[in-house]
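What follows is the content of my_file.txt (compact mmCIF, C-alpha atoms and all ligand atoms).
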```
# COMPACT_ATOMS: atom_id res chain seq x y z
CA MET K 19 26.08 177.38 161.47
CA SER K 20 26.72 175.90 164.90
CA ALA K 21 30.28 174.86 165.76
CA LEU K 22 29.23 171.24 166.31
CA LEU K 23 26.22 170.04 164.40
CA LEU K 24 24.83 166.51 164.32
CA ASP K 25 21.63 165.83 162.42
CA GLU K 26 19.96 162.45 162.83
CA VAL K 27 23.31 160.76 163.28
CA SER K 28 23.42 157.03 163.89
CA VAL K 29 26.39 154.74 164.37
CA ARG K 30 26.03 151.02 164.04
CA TRP K 31 28.63 148.30 164.66
CA GLY K 32 27.26 145.14 163.08
CA ASP K 33 23.83 144.64 164.59
CA VAL K 34 24.47 146.99 167.49
CA VAL K 35 23.26 150.57 167.22
CA VAL K 36 25.62 152.63 169.38
CA LEU K 37 24.24 156.08 168.58
CA ARG K 38 20.65 156.46 167.42
CA ASP K 39 19.29 159.51 165.57
CA VAL K 40 21.38 162.00 167.51
CA THR K 41 20.52 165.57 166.65
CA CYS K 42 22.15 168.55 168.36
CA ALA K 43 23.66 171.95 167.64
CA LEU K 44 26.37 172.92 170.12
CA ASP K 45 27.94 176.35 170.37
CA ALA K 46 29.21 176.67 173.93
CA ARG K 47 32.99 177.04 174.24
CA THR K 48 33.34 174.17 176.71
CA ILE K 49 31.03 171.16 176.45
CA ALA K 50 31.00 168.09 178.68
CA VAL K 51 29.60 164.74 177.60
CA ILE K 52 28.36 162.54 180.45
CA GLY K 53 26.56 159.23 180.74
CA GLU K 54 26.93 155.66 181.94
CA ASN K 55 29.60 153.23 180.76
CA GLY K 56 28.86 152.08 177.24
CA SER K 57 26.22 154.75 176.61
CA GLY K 58 28.03 156.10 173.54
CA LYS K 59 30.04 159.08 174.83
CA SER K 60 33.37 158.12 173.25
CA THR K 61 31.63 157.27 170.01
CA PHE K 62 30.05 160.74 170.05
CA ALA K 63 33.49 162.30 170.60
CA ARG K 64 35.07 160.17 167.87
CA ILE K 65 32.34 161.20 165.42
CA VAL K 66 33.08 164.86 166.14
CA GLY K 67 36.82 164.24 165.78
CA GLY K 68 36.35 162.44 162.49
CA LEU K 69 37.77 159.15 163.81
CA THR K 70 34.49 157.24 163.55
CA PRO K 71 32.26 157.72 160.52
CA ALA K 72 28.53 158.13 160.98
CA THR K 73 26.56 155.23 159.55
CA ARG K 74 23.75 157.66 158.83
CA GLY K 75 23.09 161.38 159.23
CA THR K 76 24.94 164.64 158.82
CA VAL K 77 27.92 165.87 160.85
CA ARG K 78 29.49 169.33 160.67
CA VAL K 79 32.42 170.30 162.87
CA LEU K 80 33.60 173.91 162.65
CA GLY K 81 31.69 174.01 159.37
CA LEU K 82 33.54 170.98 157.98
CA ASP K 83 32.23 167.56 157.01
CA PRO K 84 34.56 165.04 158.72
CA ALA K 85 33.94 162.53 155.94
CA ARG K 86 34.96 164.91 153.14
CA ASP K 87 37.28 167.39 154.85
CA ALA K 88 39.24 165.01 157.06
CA ALA K 89 42.62 166.64 156.39
CA ARG K 90 41.35 170.18 157.07
CA LEU K 91 39.58 169.00 160.20
CA ARG K 92 42.74 167.30 161.50
CA ARG K 93 44.57 170.61 161.21
CA ARG K 94 42.00 172.34 163.44
CA VAL K 95 41.13 169.63 165.94
CA ALA K 96 43.34 167.93 168.53
CA MET K 97 42.34 164.84 170.49
CA VAL K 98 43.53 163.64 173.90
CA PHE K 99 42.63 160.24 175.29
CA SER K 100 42.82 158.66 178.73
CA ASN K 101 45.73 156.39 177.85
CA PRO K 102 48.74 158.65 177.23
CA ASP K 103 51.05 155.71 176.37
CA ALA K 104 49.19 155.21 173.13
CA GLN K 105 49.87 158.82 172.16
CA ILE K 106 53.65 158.88 172.55
CA ILE K 107 55.46 158.46 169.25
CA MET K 108 58.95 159.92 169.54
CA PRO K 109 61.86 159.06 171.89
CA THR K 110 62.19 162.31 173.82
CA VAL K 111 59.71 164.75 175.29
CA ALA K 112 60.71 167.65 173.02
CA GLU K 113 60.80 165.46 169.91
CA ASP K 114 57.36 164.10 170.71
CA VAL K 115 55.89 167.60 171.01
CA ALA K 116 57.64 168.67 167.78
CA PHE K 117 56.20 165.61 166.04
CA SER K 118 52.73 167.11 166.47
CA LEU K 119 53.76 169.93 164.14
CA ARG K 120 55.14 167.67 161.42
CA SER K 121 52.30 168.44 158.99
CA ASP K 122 52.07 172.15 159.75
CA LYS K 123 53.66 174.31 157.08
CA LEU K 124 55.52 176.58 159.46
CA PRO K 125 59.09 177.87 159.29
CA ARG K 126 61.48 175.71 161.32
CA GLU K 127 62.23 178.57 163.75
CA GLU K 128 58.52 179.12 164.39
CA LYS K 129 58.10 175.41 165.11
CA ARG K 130 61.00 175.56 167.59
CA ARG K 131 59.48 178.63 169.25
CA ARG K 132 56.10 176.95 169.59
CA VAL K 133 57.58 173.74 171.03
CA ARG K 134 59.60 175.73 173.58
CA ALA K 135 56.55 177.79 174.60
CA ALA K 136 54.33 174.70 174.91
CA LEU K 137 56.90 172.81 177.00
CA GLU K 138 57.12 175.79 179.36
CA ARG K 139 53.35 176.17 179.56
CA PHE K 140 52.92 172.53 180.61
CA GLY K 141 55.88 172.54 182.97
CA LEU K 142 57.84 170.08 180.83
CA ASP K 143 60.72 172.35 179.83
CA GLY K 144 62.94 170.91 182.59
CA ILE K 145 62.56 167.38 181.18
CA ALA K 146 62.57 168.21 177.45
CA ASP K 147 65.40 165.75 176.72
CA ARG K 148 64.12 162.91 178.89
CA SER K 149 62.81 159.66 177.40
CA ALA K 150 59.09 160.20 176.80
CA HIS K 151 58.31 156.54 177.43
CA ASP K 152 59.90 156.63 180.89
CA LEU K 153 57.78 159.48 182.23
CA SER K 154 55.18 158.93 184.94
CA GLY K 155 51.55 158.53 183.90
CA GLY K 156 50.77 162.10 184.89
CA GLN K 157 53.77 163.49 183.02
CA LYS K 158 52.79 161.48 179.95
CA GLN K 159 49.29 162.95 180.03
CA LEU K 160 50.75 166.45 180.30
CA LEU K 161 52.95 165.57 177.32
CA ALA K 162 49.91 164.42 175.33
CA LEU K 163 48.16 167.66 176.18
CA CYS K 164 51.27 169.64 175.26
CA GLY K 165 51.32 167.87 171.87
CA ALA K 166 47.68 168.79 171.38
CA PHE K 167 48.00 172.46 172.34
CA VAL K 168 51.25 173.11 170.46
CA ARG K 169 49.22 172.94 167.28
CA GLU K 170 47.00 175.78 168.55
CA PRO K 171 43.83 173.87 167.69
CA ASP K 172 40.41 175.47 167.42
CA LEU K 173 38.81 172.46 169.09
CA VAL K 174 40.26 170.07 171.68
CA ILE K 175 38.45 166.78 172.17
CA ALA K 176 39.44 165.12 175.43
CA ASP K 177 38.15 161.68 176.34
CA GLU K 178 38.61 161.01 180.07
CA PRO K 179 41.93 162.89 180.11
CA THR K 180 42.29 162.70 183.89
CA ALA K 181 41.43 159.00 184.31
CA TYR K 182 44.89 157.93 185.48
CA LEU K 183 46.03 161.11 187.15
CA ASP K 184 46.52 162.00 190.80
CA ALA K 185 44.54 164.94 192.13
CA ARG K 186 47.33 167.45 191.53
CA ASN K 187 47.99 166.45 187.94
CA ALA K 188 44.24 166.17 187.29
CA ARG K 189 43.90 169.79 188.44
CA ARG K 190 46.74 170.85 186.15
CA VAL K 191 45.24 169.06 183.16
CA THR K 192 41.72 170.38 183.73
CA GLY K 193 43.15 173.84 184.32
CA HIS K 194 44.73 173.76 180.86
CA LEU K 195 41.63 172.31 179.23
CA LEU K 196 39.12 174.68 180.81
CA GLY K 197 41.42 177.66 181.12
CA LYS K 198 41.02 180.77 179.08
CA GLY K 199 42.11 180.39 175.50
CA SER K 200 40.80 180.52 172.01
CA HIS K 201 40.12 176.78 171.81
CA ARG K 202 36.78 175.09 172.17
CA LEU K 203 36.59 171.95 174.31
CA LEU K 204 34.55 168.76 174.02
CA LEU K 205 35.22 166.77 177.18
CA VAL K 206 34.02 163.22 177.83
CA THR K 207 34.03 162.69 181.57
CA HIS K 208 32.63 160.71 184.48
CA ASP K 209 33.70 163.53 186.82
CA LEU K 210 30.44 165.38 187.39
CA ASP K 211 32.09 168.26 189.27
CA LEU K 212 34.26 168.79 186.23
CA ALA K 213 31.24 168.57 183.92
CA LYS K 214 29.57 171.31 185.97
CA ARG K 215 32.51 173.61 185.24
CA CYS K 216 31.80 173.42 181.50
CA ASP K 217 29.43 175.85 179.76
CA GLN K 218 27.11 173.15 178.42
CA VAL K 219 26.52 169.46 179.18
CA VAL K 220 25.27 166.64 176.97
CA PHE K 221 23.87 163.58 178.78
CA ILE K 222 23.90 160.48 176.59
CA GLN K 223 21.87 157.44 177.56
CA ASP K 224 21.68 154.24 175.48
CA GLY K 225 22.97 156.00 172.37
CA THR K 226 20.54 158.91 172.45
CA ILE K 227 20.69 162.37 173.98
CA ALA K 228 18.72 162.24 177.22
CA ALA K 229 19.33 165.86 178.17
CA ILE K 230 21.32 168.81 176.93
CA GLY K 231 21.82 172.33 178.23
CA ASP K 232 23.09 174.19 181.29
CA PRO K 233 25.33 172.04 183.51
CA ALA K 234 23.34 172.06 186.78
CA PRO K 235 20.00 170.69 185.48
CA VAL K 236 21.61 168.22 183.08
CA VAL K 237 23.96 166.82 185.73
CA ALA K 238 20.97 166.65 188.13
CA ALA K 239 19.01 164.67 185.52
CA TYR K 240 21.90 162.23 185.18
CA GLU K 241 22.27 161.87 188.94
CA ALA K 242 18.52 161.21 189.24
CA HIS K 243 18.85 158.55 186.53
CA LEU K 244 21.77 156.92 188.39
CA ALA K 245 19.74 156.86 191.62
CA CYS K 246 16.91 154.90 189.97
N1 LIG K 301 34.72 149.83 167.10
C1 LIG K 301 33.69 149.26 167.75
N2 LIG K 301 33.22 148.04 167.39
C2 LIG K 301 32.18 147.49 168.04
N3 LIG K 301 31.55 148.06 169.09
C3 LIG K 301 31.97 149.26 169.48
C4 LIG K 301 33.06 149.93 168.85
N4 LIG K 301 33.26 151.12 169.47
C5 LIG K 301 32.33 151.17 170.46
N5 LIG K 301 31.57 150.05 170.46
C6 LIG K 301 30.47 149.78 171.40
O1 LIG K 301 29.67 150.91 171.47
C7 LIG K 301 29.13 151.08 172.77
C8 LIG K 301 29.41 152.48 173.25
O2 LIG K 301 30.82 152.61 173.41
P1 LIG K 301 31.49 153.98 173.86
O3 LIG K 301 32.94 153.72 173.99
O4 LIG K 301 31.04 155.06 172.95
O5 LIG K 301 30.82 154.18 175.29
P2 LIG K 301 31.19 155.20 176.46
O6 LIG K 301 29.92 155.86 176.87
O7 LIG K 301 32.32 156.08 176.06
O8 LIG K 301 31.64 154.19 177.60
P3 LIG K 301 32.70 154.31 178.81
O9 LIG K 301 32.15 155.33 179.78
O10 LIG K 301 32.70 152.94 179.39
O11 LIG K 301 34.03 154.69 178.24
C9 LIG K 301 29.75 149.99 173.65
O12 LIG K 301 28.82 148.94 173.76
C10 LIG K 301 30.95 149.55 172.82
O13 LIG K 301 31.22 148.20 173.04
```

Take the structure in this file and express it as structure tokens.
Amino acid sequence: MSALLLDEVSVRWGDVVVLRDVTCALDARTIAVIGENGSGKSTFARIVGGLTPATRGTVRVLGLDPARDAARLRRRVAMVFSNPDAQIIMPTVAEDVAFSLRSDKLPREEKRRRVRAALERFGLDGIADRSAHDLSGGQKQLLALCGAFVREPDLVIADEPTAYLDARNARRVTGHLLGKGSHRLLLVTHDLDLAKRCDQVVFIQDGTIAAIGDPAPVVAAYEAHLAC
């Protein structure tokens, strides 16, 4: 079975159909989702992450049904959004990263080891005791990413994770997301150069998949659509 499988999936909010009969089987390690504002990209990502239920159709993520296996899926999937403020829970940087492991049944020492390693990996070890809420936007996004990766997820879903970042921090964040590792990545982005660095691209238009496949032709199809 494919890692991400959607079969005739529709999402409707009231009278508005946001995703319409979306069918796809995605196996690439890194997948970008592109499309115009309001086309349904975030909804697609939220369906995969189990945050939004499908109104109709079948969804399987890493072999799990988000509707039935929500708890198991949460253990294997981490999500990062564009607004890092909404993702900070605890007072200090280190506590916030540790909070991500609250549900993992790991020995306390192993949790400490993982938090230390993650803080170092994201360059946050020097500010581990600082107030998380007082960090800069870029630091907060690195913290959100750190909280996602400390759980060693099989799939990271990132929705515009570089939206508020300067070029340097954006490079750091994308480096971590796209860098070698065992995790898969589903990345919603308006950055077409970034999309081209993924293994596969999904172009969503008006709630349906307009194109899917290798980055260059799919990004070209989207650019041609934008030029119309
Ligand atoms: N919870 C909701 N209730 C009602 N409408 C919603 C809800 N979530 C999304 N929508 C609508 O669904 C449509 C698609 O939204 P979505 O956020 O998936 O688009 P997007 O492609 O990610 O857009 P953007 O690039 O602007 O972030 C929009 O018209 C949005 O208003």

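If you look at atom C3 of ligand LIG 301 (chain K) and atom CA of K:Thr70, they are 10.3 Å away from each other.
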
Query - Distance criterion (all atoms listed in the file): nearest to K:Leu196 out of K:Arg92, K:Lys129, K:Arg47, K:Arg134 - result: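 Answer, going by the shortest atom-to-atom distance: K:Arg47.
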
Might I get the box with edges along x, y and z of the file that holds all atoms of ligand LIG 301 (chain K) listed there, padded by 5 Å on every side, given as centre and edge lengths in Å to one decimal, as JSON?
```
{"center_x": 31.8, "center_y": 151.8, "center_z": 173.4, "size_x": 15.9, "size_y": 18.6, "size_z": 22.7}
```

Requested in this report: Residues within 7 Å of ligand LIG 301 (chain K) should be enumerated using all atoms listed in the file and returned as a PyMOL selection string.
Outcome: chain K and resi 31+36+53-62

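With only C-alpha atoms as the basis for measurement, K:Val98 is the residue among K:Val115, K:Val98, K:Leu204, K:Leu22 that approaches K:Pro179 most closely.
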
Query raised in the report: Which polymer residues have any atom within 9 Å of an atom of K:Gln157, counting only C-alpha atoms, with same-chain residues fewer than 4 positions away left out, as a PyMOL selection string?
Result: chain K and resi 142+150+153+161-162+187

**Report entry** atom CA of K:Arg38 to atom CA of K:Ile227, distance in Å rounded to a single decimal
**Finding:** 8.8 Å

Scan for residues within 12 Å of the point (52.9, 165.1, 161.6) in the coordinates of the file, using all atoms listed in the file, and reply as a CSV table (one decimal) with C-alpha atoms, in the coordinates of the input.
```csv
chain,number,residue,atom,x,y,z
K,89,ALA,CA,42.6,166.6,156.4
K,92,ARG,CA,42.7,167.3,161.5
K,93,ARG,CA,44.6,170.6,161.2
K,107,ILE,CA,55.5,158.5,169.2
K,108,MET,CA,59.0,159.9,169.5
K,113,GLU,CA,60.8,165.5,169.9
K,114,ASP,CA,57.4,164.1,170.7
K,115,VAL,CA,55.9,167.6,171.0
K,116,ALA,CA,57.6,168.7,167.8
K,117,PHE,CA,56.2,165.6,166.0
K,118,SER,CA,52.7,167.1,166.5
K,119,LEU,CA,53.8,169.9,164.1
K,120,ARG,CA,55.1,167.7,161.4
K,121,SER,CA,52.3,168.4,159.0
K,122,ASP,CA,52.1,172.2,159.8
K,123,LYS,CA,53.7,174.3,157.1
K,124,LEU,CA,55.5,176.6,159.5
K,165,GLY,CA,51.3,167.9,171.9
K,166,ALA,CA,47.7,168.8,171.4
K,169,ARG,CA,49.2,172.9,167.3
```
